[in-house]
>>> print(open('input-v8.cif').read())   # mmCIF, C-alpha atoms
data_query
loop_
_atom_site.label_atom_id
_atom_site.label_comp_id
_atom_site.auth_asym_id
_atom_site.auth_seq_id
_atom_site.Cartn_x
_atom_site.Cartn_y
_atom_site.Cartn_z
CA MET A 13 58.22 69.43 89.97
CA GLU A 14 56.05 71.63 87.69
CA GLU A 15 53.05 71.36 90.06
CA LEU A 16 54.72 73.46 92.74
CA PRO A 17 54.37 76.87 91.02
CA THR A 18 50.74 76.04 90.17
CA SER A 19 49.78 74.67 93.58
CA ALA A 20 51.38 77.51 95.53
CA PRO A 21 49.18 80.25 94.01
CA ARG A 22 46.10 78.06 94.46
CA ARG A 23 46.96 77.45 98.10
CA ALA A 24 47.54 81.18 98.60
CA LEU A 25 44.21 82.00 96.94
CA ALA A 26 42.33 79.44 99.04
CA ALA A 27 43.95 80.80 102.20
CA ALA A 28 43.09 84.37 101.16
CA VAL A 29 39.43 83.44 100.63
CA LEU A 30 39.24 81.86 104.08
CA GLY A 31 40.91 84.93 105.57
CA ALA A 32 38.45 87.24 103.82
CA LYS A 33 35.48 85.31 105.19
CA SER A 34 36.86 85.52 108.71
CA ALA A 35 37.60 89.22 108.20
CA LEU A 36 33.97 89.97 107.32
CA LYS A 37 32.74 88.37 110.53
CA THR A 38 35.38 90.16 112.60
CA ALA A 39 34.73 93.55 110.98
CA TRP A 40 30.98 93.20 111.58
CA PHE A 41 31.62 92.32 115.23
CA LEU A 42 33.84 95.39 115.69
CA LEU A 43 31.41 97.72 113.95
CA LYS A 44 28.50 96.59 116.12
CA ILE A 45 30.50 97.82 119.10
CA MET A 46 32.21 100.90 117.69
CA VAL A 47 29.36 102.70 115.91
CA PRO A 48 26.86 102.93 118.80
CA VAL A 49 29.62 103.62 121.35
CA THR A 50 31.14 106.52 119.39
CA LEU A 51 27.67 108.00 118.75
CA ALA A 52 26.81 107.83 122.46
CA VAL A 53 30.07 109.52 123.42
CA ALA A 54 29.61 112.21 120.75
CA LEU A 55 26.16 113.00 122.16
CA LEU A 56 27.53 113.10 125.71
CA GLY A 57 30.26 115.49 124.62
CA TRP A 58 27.84 117.77 122.76
CA SER A 59 25.44 117.84 125.71
CA GLY A 60 28.16 119.06 128.08
CA ILE A 61 27.93 116.02 130.36
CA LEU A 62 31.55 115.08 129.75
CA ALA A 63 32.67 118.59 130.72
CA LYS A 64 30.72 118.30 134.00
CA ILE A 65 32.34 114.94 134.74
CA ALA A 66 35.73 116.46 134.02
CA SER A 67 35.08 119.28 136.49
CA LEU A 68 34.44 116.69 139.21
CA LEU A 69 37.82 115.09 138.49
CA ALA A 70 39.70 118.39 138.40
CA PRO A 71 40.98 118.17 142.04
CA ALA A 72 42.50 114.76 141.32
CA MET A 73 44.42 116.21 138.38
CA GLY A 74 46.21 118.54 140.78
CA LEU A 75 47.70 115.53 142.58
CA LEU A 76 49.31 114.53 139.29
CA GLY A 77 50.77 117.96 138.63
CA LEU A 78 48.13 118.80 136.04
CA PRO A 79 45.65 121.68 135.68
CA GLY A 80 42.02 120.82 136.44
CA ASP A 81 40.81 121.08 132.84
CA ALA A 82 43.31 118.34 131.87
CA ALA A 83 40.65 115.91 133.15
CA LEU A 84 38.71 116.49 129.94
CA VAL A 85 41.70 115.27 127.92
CA PHE A 86 41.90 112.06 129.93
CA ILE A 87 38.14 111.46 129.74
CA SER A 88 38.16 112.03 125.97
CA SER A 89 40.93 109.47 125.67
CA ALA A 90 39.28 106.93 127.96
CA LEU A 91 35.96 107.09 126.10
CA LEU A 92 37.22 107.71 122.58
CA ASN A 93 40.76 107.60 121.23
CA ILE A 94 44.15 109.26 121.04
CA TYR A 95 43.05 111.58 118.22
CA SER A 96 40.30 113.12 120.33
CA ALA A 97 42.63 113.43 123.35
CA ILE A 98 45.23 115.34 121.31
CA ALA A 99 42.52 117.58 119.85
CA VAL A 100 41.22 118.47 123.30
CA ALA A 101 44.75 118.97 124.65
CA GLY A 102 45.41 121.43 121.84
CA SER A 103 42.54 123.60 123.08
CA LEU A 104 44.07 123.93 126.58
CA SER A 105 47.04 125.80 127.98
CA LEU A 106 49.67 123.13 128.71
CA ASP A 107 53.43 122.95 128.93
CA LEU A 108 55.41 120.01 127.56
CA ARG A 109 55.82 118.38 130.97
CA GLU A 110 52.07 118.38 131.57
CA ALA A 111 51.45 117.12 128.03
CA THR A 112 53.89 114.24 128.56
CA ILE A 113 52.12 113.18 131.77
CA LEU A 114 48.80 113.28 129.94
CA ALA A 115 50.28 111.39 126.99
CA VAL A 116 51.34 108.36 129.02
CA MET A 117 47.98 108.34 130.83
CA CYS A 118 46.05 108.49 127.57
CA LEU A 119 48.21 105.85 125.89
CA THR A 120 47.62 103.52 128.83
CA ALA A 121 43.86 104.05 129.10
CA HIS A 122 42.10 104.97 125.87
CA ASN A 123 39.11 103.72 123.89
CA LEU A 124 38.06 101.75 126.97
CA LEU A 125 34.46 101.10 125.94
CA VAL A 126 35.33 99.51 122.60
CA GLU A 127 38.56 97.76 123.54
CA THR A 128 37.18 96.39 126.81
CA ALA A 129 34.18 94.92 125.00
CA VAL A 130 36.56 93.24 122.56
CA MET A 131 38.78 91.95 125.38
CA LYS A 132 35.76 90.47 127.10
CA LYS A 133 34.86 88.64 123.89
CA THR A 134 38.37 87.18 123.80
CA GLY A 135 38.16 85.79 127.33
CA SER A 136 39.13 88.54 129.79
CA SER A 137 37.22 90.10 132.64
CA ALA A 138 35.91 93.51 131.56
CA THR A 139 36.06 94.83 135.12
CA LYS A 140 39.61 93.64 135.60
CA MET A 141 40.81 95.13 132.31
CA VAL A 142 39.23 98.53 133.06
CA LEU A 143 40.66 98.63 136.58
CA LEU A 144 44.08 97.53 135.32
CA ARG A 145 44.20 100.24 132.66
CA LEU A 146 42.77 103.08 134.74
CA GLY A 147 44.89 102.15 137.76
CA SER A 148 48.04 101.89 135.64
CA ALA A 149 47.29 105.21 133.93
CA ILE A 150 46.87 107.05 137.23
CA LEU A 151 49.96 105.37 138.71
CA ALA A 152 52.00 106.24 135.61
CA GLY A 153 50.79 109.85 135.77
CA TRP A 154 51.77 110.12 139.42
CA ILE A 155 55.23 108.58 138.84
CA TYR A 156 55.81 110.87 135.86
CA SER A 157 54.84 113.88 137.95
CA LEU A 158 57.74 112.95 140.26
CA ILE A 159 60.46 111.91 137.81
CA LEU A 160 59.98 113.94 134.64
CA PRO A 161 62.66 116.59 134.12
CA ARG A 162 61.45 119.99 135.31
CA GLY A 163 63.06 121.51 132.26
CA LEU A 164 60.19 120.25 130.13
CA SER A 165 57.96 122.85 131.79
CA ALA A 166 59.86 125.57 129.98
CA SER A 167 58.50 124.39 126.63
CA VAL A 168 54.95 125.33 125.63
CA PHE A 169 52.88 122.46 124.28
CA SER A 170 49.64 124.35 123.59
CA ALA A 171 48.15 127.71 124.45
CA GLY A 172 44.73 127.55 122.85
CA GLY A 173 41.42 128.56 124.32
CA PRO A 174 38.38 126.30 124.73
CA ALA A 175 36.56 125.50 121.51
CA ALA A 176 33.01 126.74 121.03
CA ARG A 177 30.23 124.22 121.37
CA PRO A 178 29.14 123.09 117.88
CA GLU A 179 25.54 123.05 116.70
CA PHE A 180 23.81 119.68 116.91
CA TRP A 181 23.51 118.85 113.20
CA PRO A 182 27.07 119.87 112.28
CA MET A 183 28.27 117.76 115.22
CA LEU A 184 26.22 114.79 114.00
CA ALA A 185 27.51 115.27 110.43
CA ALA A 186 31.10 115.35 111.70
CA TRP A 187 30.46 112.15 113.67
CA ALA A 188 28.94 110.45 110.60
CA LEU A 189 31.92 111.43 108.43
CA SER A 190 34.49 110.24 110.97
CA THR A 191 32.54 107.01 111.49
CA ALA A 192 32.40 106.37 107.73
CA ARG A 193 36.17 106.76 107.60
CA LEU A 194 36.49 104.45 110.60
CA VAL A 195 34.32 101.81 108.92
CA ALA A 196 36.48 101.94 105.80
CA LYS A 197 39.67 101.72 107.85
CA ILE A 198 38.35 98.77 109.86
CA GLY A 199 37.27 96.89 106.76
CA LEU A 200 40.56 97.32 104.93
CA LEU A 201 42.83 96.66 107.91
CA VAL A 202 40.98 93.61 109.19
CA LEU A 203 40.78 92.17 105.67
CA ALA A 204 44.51 92.68 105.09
CA ILE A 205 45.50 91.30 108.50
CA MET A 206 43.43 88.13 108.34
CA VAL A 207 44.29 87.36 104.71
CA VAL A 208 48.01 87.76 105.45
CA GLN A 209 47.68 85.61 108.56
CA ARG A 210 45.96 82.78 106.66
CA ILE A 211 48.59 82.84 103.92
CA LEU A 212 51.41 82.83 106.47
CA GLU A 213 49.79 79.88 108.23
CA GLU A 214 49.29 78.01 104.95
CA PHE A 215 52.98 78.21 104.10
CA ARG A 216 54.07 77.63 107.73
CA PHE A 217 55.73 81.02 107.97
CA MET A 218 53.88 81.54 111.27
CA ASP A 219 55.96 78.73 112.77
CA PHE A 220 59.13 80.47 111.64
CA LEU A 221 57.88 83.79 113.04
CA SER A 222 57.09 82.17 116.38
CA ARG A 223 60.57 80.64 116.61
CA LEU A 224 62.20 83.92 115.57
CA PHE A 225 60.41 85.97 118.24
CA ALA A 226 60.33 83.22 120.88
CA PRO A 227 63.08 84.75 123.09
CA PHE A 228 61.34 88.14 123.05
CA MET A 229 57.93 86.60 123.81
CA LYS A 230 59.44 84.65 126.71
CA PHE A 231 60.91 87.86 128.09
CA LEU A 232 57.47 89.48 127.88
CA GLY A 233 55.94 86.44 129.59
CA LEU A 234 53.79 85.59 126.57
CA PRO A 235 53.36 82.31 124.64
CA GLU A 236 55.49 81.89 121.51
CA ARG A 237 52.45 81.78 119.23
CA ALA A 238 51.62 85.35 120.29
CA SER A 239 54.42 86.70 118.05
CA PHE A 240 52.24 87.60 115.09
CA LEU A 241 49.51 88.99 117.35
CA TRP A 242 52.03 91.19 119.14
CA ILE A 243 53.33 92.59 115.86
CA VAL A 244 49.79 93.26 114.60
CA ILE A 245 48.50 95.10 117.68
CA ASN A 246 51.57 97.31 117.79
CA ILE A 247 51.29 98.26 114.12
CA VAL A 248 47.53 98.74 113.65
CA GLY A 249 46.15 98.71 117.20
CA TYR A 250 44.37 96.31 119.52
CA ALA A 251 40.80 96.64 118.26
CA TYR A 252 41.84 95.74 114.70
CA GLY A 253 44.01 92.81 115.73
CA ALA A 254 41.69 91.48 118.42
CA GLY A 255 39.70 89.44 115.92
CA ILE A 256 42.76 87.27 115.46
CA VAL A 257 42.93 86.61 119.20
CA GLY A 258 39.30 85.47 119.16
CA ALA A 259 39.86 83.32 116.08
CA GLU A 260 42.92 81.70 117.64
CA ILE A 261 40.94 80.84 120.78
CA GLN A 262 37.91 79.53 118.86
CA SER A 263 40.13 77.33 116.69
CA GLY A 264 41.88 75.89 119.74
CA ARG A 265 45.31 77.13 118.67
CA MET A 266 45.39 79.41 121.69
CA LYS A 267 44.04 78.56 125.13
CA PRO A 268 41.65 81.03 126.84
CA GLN A 269 44.24 81.44 129.59
CA GLU A 270 46.82 82.47 126.99
CA GLY A 271 44.40 84.90 125.36
CA ASP A 272 43.68 86.50 128.73
CA LEU A 273 47.41 86.74 129.46
CA PHE A 274 47.96 88.40 126.08
CA ASN A 275 45.23 90.92 126.94
CA HIS A 276 47.05 91.82 130.15
CA HIS A 277 49.96 92.93 128.00
CA ALA A 278 47.95 94.42 125.14
CA SER A 279 45.71 96.44 127.45
CA LEU A 280 48.71 98.50 128.60
CA CYS A 281 50.89 98.45 125.50
CA HIS A 282 49.61 98.46 121.94
CA SER A 283 49.80 100.75 118.89
CA LEU A 284 53.45 101.45 119.65
CA LEU A 285 53.84 102.63 116.07
CA GLU A 286 50.79 104.81 115.34
CA ASP A 287 49.93 106.25 118.76
CA THR A 288 53.54 107.00 119.63
CA ALA A 289 53.96 108.72 116.26
CA LEU A 290 50.87 110.85 116.90
CA PHE A 291 52.23 112.23 120.16
CA ALA A 292 55.73 112.57 118.70
CA ALA A 293 54.24 114.66 115.90
CA VAL A 294 52.95 117.20 118.43
CA GLY A 295 56.23 117.31 120.34
CA VAL A 296 55.99 114.70 123.13
CA PRO A 297 59.34 112.87 123.58
CA ILE A 298 59.24 109.32 122.18
CA PHE A 299 61.16 107.76 125.06
CA TRP A 300 58.52 108.65 127.64
CA THR A 301 55.71 107.17 125.52
CA THR A 302 57.32 103.83 124.59
CA LEU A 303 59.74 102.07 126.95
CA PRO A 304 57.79 102.77 130.18
CA ARG A 305 54.60 101.36 128.62
CA LEU A 306 56.41 98.25 127.43
CA ALA A 307 57.90 97.80 130.90
CA ALA A 308 54.49 98.22 132.58
CA ALA A 309 52.87 95.69 130.25
CA THR A 310 55.66 93.18 130.87
CA ALA A 311 55.32 93.64 134.64
CA ALA A 312 51.55 93.16 134.44
CA VAL A 313 51.95 89.82 132.64
CA TRP A 314 54.55 88.48 135.06
CA ILE A 315 52.50 89.56 138.05
CA GLU A 316 49.47 87.78 136.58
CA ARG A 317 51.56 84.68 135.89
CA GLY A 318 52.75 84.74 139.50
CA ARG A 319 49.20 85.11 140.75
CA ARG A 320 48.11 82.11 138.73
CA HIS A 321 51.03 80.07 140.00
CA PHE A 322 50.30 80.71 143.66
CA PHE A 323 46.50 80.80 143.36
CA ARG A 324 45.82 78.32 140.56
CA ARG A 325 42.24 77.60 141.55
CA SER A 326 41.27 81.25 141.25
CA PHE A 327 41.71 81.45 137.47
CA ARG A 328 38.95 81.13 134.95
CA ALA A 329 39.07 82.83 131.57
CA GLY A 330 37.06 86.01 131.79
CA ILE A 331 37.28 86.11 135.59
CA GLY A 332 40.88 85.40 136.59
#
>>> encode(input="input-v8.cif", output="structure tokens")
Amino acid sequence: MEELPTSAPRRALAAAVLGAKSALKTAWFLLKIMVPVTLAVALLGWSGILAKIASLLAPAMGLLGLPGDAALVFISSALLNIYSAIAVAGSLSLDLREATILAVMCLTAHNLLVETAVMKKTGSSATKMVLLRLGSAILAGWIYSLILPRGLSASVFSAGGPAARPEFWPMLAAWALSTARLVAKIGLLVLAIMVVQRILEEFRFMDFLSRLFAPFMKFLGLPERASFLWIVINIVGYAYGAGIVGAEIQSGRMKPQEGDLFNHHASLCHSLLEDTALFAAVGVPIFWTTLPRLAAATAAVWIERGRRHFFRRSFRAGIG
């Protein structure tokens, strides 16, 4: 009976070591994607190319009840992240109704270059994921333009003017600083996630978690073993939790078809905690940035499940 206290810490330590090794590989994989992508986008933004692309999309923004320069917010979100989208939105003249439409669009389709590359590595079609997210974002923006209360227009979200173009070297220094912070965040989060996962698996708590969340996962159309993954991506984001999806598939604990199905959900609804809090902090109502996204992600999974049921031969991981 005295061996139990001794063996438990040893088992936890062994599991933590294995988790740390996996975390290093995952963090390196994410950094190889994120660093060059963010540098390329920073250079495109500094050069003015992104602004020119936004001007081409300006007429389409009008169909969604948005001013033409709102296109730059959406492009910043699609290529970078929610932080950059909020920063750009703050430099424009927007009311709360327009900001809410932009918020749901940005939450649905952001960080596409990095997250799509990660989704492809975990078994999904890059083209399909991009089309799903962009299409859903535009559809959500159009629906919001029809159903959002007109009273929101009475509240001012931002009234700033366009920011001056920075000099090249200060821009590059700002990118380097933000990237260094990103690297540190990735390392710490991935390490913590994968160590915790290994320890939970070692002591069979993952089985308990799967059983506990099984009814909710079934409602979402996801496999029971996706419980921990779902919690992770909604606390720290998809890119940080995606390494677990890949590890689950490589180990055989999750089938490629299940990983792809999980990506259908995660592509439309992740970071419910952090990203929702960011928009809430600048005044966007929480309801409009949470429940509709969860509903859209659930619908996407069930539609995909139906497609596979009726067209079984058409599915292959990464293509279906």
>>> resolve_selection(input="input-v8.cif", expression="the PyMOL selection byres ((chain A and resi 276) around 10)", output="list in words")
Met131, Ser136, Lys140, Met141, Leu144, Arg145, Leu234, Glu270, Gly271, Asp272, Leu273, Phe274, Asn275, His277, Ala278, Ser279, Leu280, Cys281, Ala309, Thr310, Ala311, Ala312, Val313, Trp314, Ile315 and Glu316 of chain A
>>> resolve_selection(input="input-v8.cif", expression="the PyMOL selection byres ((chain A and resi 28) around 9)", output="PDB file with C-alpha atoms, keeping the file's coordinate frame")
ATOM      1  CA  ARG A  23      46.960  77.450  98.100  1.00  0.00           C
ATOM      2  CA  ALA A  24      47.540  81.180  98.600  1.00  0.00           C
ATOM      3  CA  LEU A  25      44.210  82.000  96.940  1.00  0.00           C
ATOM      4  CA  ALA A  26      42.330  79.440  99.040  1.00  0.00           C
ATOM      5  CA  ALA A  27      43.950  80.800 102.200  1.00  0.00           C
ATOM      6  CA  VAL A  29      39.430  83.440 100.630  1.00  0.00           C
ATOM      7  CA  LEU A  30      39.240  81.860 104.080  1.00  0.00           C
ATOM      8  CA  GLY A  31      40.910  84.930 105.570  1.00  0.00           C
ATOM      9  CA  ALA A  32      38.450  87.240 103.820  1.00  0.00           C
ATOM     10  CA  LYS A  33      35.480  85.310 105.190  1.00  0.00           C
ATOM     11  CA  MET A 206      43.430  88.130 108.340  1.00  0.00           C
ATOM     12  CA  VAL A 207      44.290  87.360 104.710  1.00  0.00           C
ATOM     13  CA  VAL A 208      48.010  87.760 105.450  1.00  0.00           C
ATOM     14  CA  GLN A 209      47.680  85.610 108.560  1.00  0.00           C
ATOM     15  CA  ARG A 210      45.960  82.780 106.660  1.00  0.00           C
ATOM     16  CA  ILE A 211      48.590  82.840 103.920  1.00  0.00           C
TER      17      ILE A 211
END
>>> residues_around(input="input-v8.cif", residues="A:Ala83", least_positions_apart="3", cutoff="8 Å", atoms="only C-alpha atoms", output="PyMOL selection string")
chain A and resi 66-67+69-70+73+80+86-87
>>> residues_around(input="input-v8.cif", residues="A:Ala90", least_positions_apart="5", cutoff="7 Å", atoms="all atoms listed in the file", output="list of chain:residue names")
A:Cys118, A:Ala121, A:His122, A:Asn123, A:Leu124
>>> atom_distance(input="input-v8.cif", atom1="atom CA of A:Ala251", atom2="atom CA of A:Trp154")
27.4 Å
>>> atom_distance(input="input-v8.cif", atom1="atom CA of A:Ile247", atom2="atom CA of A:Asp287")
9.3 Å
>>> residues_around(input="input-v8.cif", residues="stretch 300-307 of chain A", least_positions_apart="6", cutoff="9 Å", atoms="all atoms listed in the file", output="MDAnalysis selection string")
chainID A and resid 112:113 115:116 119:120 152 156 160 232 277 280:282 284 287:288 291:292
>>> resolve_selection(input="input-v8.cif", expression="the PyMOL selection byres ((chain A and resi 108) around 6)", output="PyMOL selection string")
chain A and resi 107+109-111+164-165+167-169
>>> closest_residue(input="input-v8.cif", among="A:Lys197, A:Lys132, A:His321, A:Lys64", to="A:Leu43", atoms="all atoms listed in the file")
A:Lys197
>>> atom_distance(input="input-v8.cif", atom1="atom CA of A:Ser239", atom2="atom CA of A:Glu214")
16.5 Å
>>> residues_around(input="input-v8.cif", residues="A:Ile243", least_positions_apart="6", cutoff="12 Å", atoms="all atoms listed in the file", output="PyMOL selection string")
chain A and resi 205+209+218+221-222+225+228-229+237+249-250+252-254+256+278+281-285
>>> residues_around(input="input-v8.cif", residues="A:Trp181", least_positions_apart="5", cutoff="12 Å", atoms="only C-alpha atoms", output="number ranges by chain")
A: 54-55, 58, 186-188
>>> closest_residue(input="input-v8.cif", among="A:Gly153, A:Thr134, A:Gly147, A:Leu51", to="A:Gly74", atoms="all atoms listed in the file")
A:Gly153
>>> residues_near_point(input="input-v8.cif", point="(47.5, 112.2, 115.5)", cutoff="12 Å", atoms="only C-alpha atoms", output="PDB file with C-alpha atoms, in the frame of the given file")
ATOM      1  CA  ASN A  93      40.760 107.600 121.230  1.00  0.00           C
ATOM      2  CA  ILE A  94      44.150 109.260 121.040  1.00  0.00           C
ATOM      3  CA  TYR A  95      43.050 111.580 118.220  1.00  0.00           C
ATOM      4  CA  SER A  96      40.300 113.120 120.330  1.00  0.00           C
ATOM      5  CA  ALA A  97      42.630 113.430 123.350  1.00  0.00           C
ATOM      6  CA  ILE A  98      45.230 115.340 121.310  1.00  0.00           C
ATOM      7  CA  ALA A  99      42.520 117.580 119.850  1.00  0.00           C
ATOM      8  CA  VAL A 100      41.220 118.470 123.300  1.00  0.00           C
ATOM      9  CA  ALA A 101      44.750 118.970 124.650  1.00  0.00           C
ATOM     10  CA  GLY A 102      45.410 121.430 121.840  1.00  0.00           C
ATOM     11  CA  ALA A 115      50.280 111.390 126.990  1.00  0.00           C
ATOM     12  CA  LEU A 285      53.840 102.630 116.070  1.00  0.00           C
ATOM     13  CA  GLU A 286      50.790 104.810 115.340  1.00  0.00           C
ATOM     14  CA  ASP A 287      49.930 106.250 118.760  1.00  0.00           C
ATOM     15  CA  THR A 288      53.540 107.000 119.630  1.00  0.00           C
ATOM     16  CA  ALA A 289      53.960 108.720 116.260  1.00  0.00           C
ATOM     17  CA  LEU A 290      50.870 110.850 116.900  1.00  0.00           C
ATOM     18  CA  PHE A 291      52.230 112.230 120.160  1.00  0.00           C
ATOM     19  CA  ALA A 292      55.730 112.570 118.700  1.00  0.00           C
ATOM     20  CA  ALA A 293      54.240 114.660 115.900  1.00  0.00           C
ATOM     21  CA  VAL A 294      52.950 117.200 118.430  1.00  0.00           C
ATOM     22  CA  GLY A 295      56.230 117.310 120.340  1.00  0.00           C
ATOM     23  CA  VAL A 296      55.990 114.700 123.130  1.00  0.00           C
TER      24      VAL A 296
END
>>> closest_residue(input="input-v8.cif", among="A:Ile150, A:Leu91, A:Val130, A:Ala171", to="A:Ser105", atoms="only C-alpha atoms")
A:Ala171
>>> build_atoms(input="input-v8.cif", residues="stretch 87-102 of chain A", atoms="N, CA and C atoms", output="PDB file, in the coordinates of the input")
ATOM      1  N   ILE A  87      39.462 112.041 129.966  1.00  0.00           N
ATOM      2  CA  ILE A  87      38.140 111.460 129.740  1.00  0.00           C
ATOM      3  C   ILE A  87      37.904 111.225 128.249  1.00  0.00           C
ATOM      4  N   SER A  88      38.308 112.186 127.423  1.00  0.00           N
ATOM      5  CA  SER A  88      38.160 112.030 125.970  1.00  0.00           C
ATOM      6  C   SER A  88      38.934 110.821 125.482  1.00  0.00           C
ATOM      7  N   SER A  89      40.127 110.628 126.048  1.00  0.00           N
ATOM      8  CA  SER A  89      40.930 109.470 125.670  1.00  0.00           C
ATOM      9  C   SER A  89      40.287 108.177 126.133  1.00  0.00           C
ATOM     10  N   ALA A  90      39.842 108.153 127.392  1.00  0.00           N
ATOM     11  CA  ALA A  90      39.280 106.930 127.960  1.00  0.00           C
ATOM     12  C   ALA A  90      38.027 106.486 127.208  1.00  0.00           C
ATOM     13  N   LEU A  91      37.206 107.437 126.775  1.00  0.00           N
ATOM     14  CA  LEU A  91      35.960 107.090 126.100  1.00  0.00           C
ATOM     15  C   LEU A  91      36.108 106.985 124.590  1.00  0.00           C
ATOM     16  N   LEU A  92      37.048 107.734 124.034  1.00  0.00           N
ATOM     17  CA  LEU A  92      37.220 107.710 122.580  1.00  0.00           C
ATOM     18  C   LEU A  92      38.617 107.202 122.223  1.00  0.00           C
ATOM     19  N   ASN A  93      39.452 108.073 121.700  1.00  0.00           N
ATOM     20  CA  ASN A  93      40.760 107.600 121.230  1.00  0.00           C
ATOM     21  C   ASN A  93      41.815 108.681 121.377  1.00  0.00           C
ATOM     22  N   ILE A  94      43.018 108.360 120.916  1.00  0.00           N
ATOM     23  CA  ILE A  94      44.150 109.260 121.040  1.00  0.00           C
ATOM     24  C   ILE A  94      43.936 110.536 120.219  1.00  0.00           C
ATOM     25  N   TYR A  95      43.297 110.420 119.061  1.00  0.00           N
ATOM     26  CA  TYR A  95      43.050 111.580 118.220  1.00  0.00           C
ATOM     27  C   TYR A  95      42.230 112.635 118.965  1.00  0.00           C
ATOM     28  N   SER A  96      41.158 112.179 119.609  1.00  0.00           N
ATOM     29  CA  SER A  96      40.300 113.120 120.330  1.00  0.00           C
ATOM     30  C   SER A  96      41.038 113.726 121.519  1.00  0.00           C
ATOM     31  N   ALA A  97      41.868 112.930 122.203  1.00  0.00           N
ATOM     32  CA  ALA A  97      42.630 113.430 123.350  1.00  0.00           C
ATOM     33  C   ALA A  97      43.591 114.537 122.910  1.00  0.00           C
ATOM     34  N   ILE A  98      44.283 114.332 121.803  1.00  0.00           N
ATOM     35  CA  ILE A  98      45.230 115.340 121.310  1.00  0.00           C
ATOM     36  C   ILE A  98      44.487 116.596 120.880  1.00  0.00           C
ATOM     37  N   ALA A  99      43.317 116.421 120.270  1.00  0.00           N
ATOM     38  CA  ALA A  99      42.520 117.580 119.850  1.00  0.00           C
ATOM     39  C   ALA A  99      42.097 118.420 121.052  1.00  0.00           C
ATOM     40  N   VAL A 100      41.642 117.757 122.101  1.00  0.00           N
ATOM     41  CA  VAL A 100      41.220 118.470 123.300  1.00  0.00           C
ATOM     42  C   VAL A 100      42.419 119.130 123.978  1.00  0.00           C
ATOM     43  N   ALA A 101      43.540 118.416 124.037  1.00  0.00           N
ATOM     44  CA  ALA A 101      44.750 118.970 124.650  1.00  0.00           C
ATOM     45  C   ALA A 101      45.202 120.235 123.932  1.00  0.00           C
ATOM     46  N   GLY A 102      45.016 120.259 122.623  1.00  0.00           N
ATOM     47  CA  GLY A 102      45.410 121.430 121.840  1.00  0.00           C
ATOM     48  C   GLY A 102      44.583 122.660 122.145  1.00  0.00           C
TER      49      GLY A 102
END
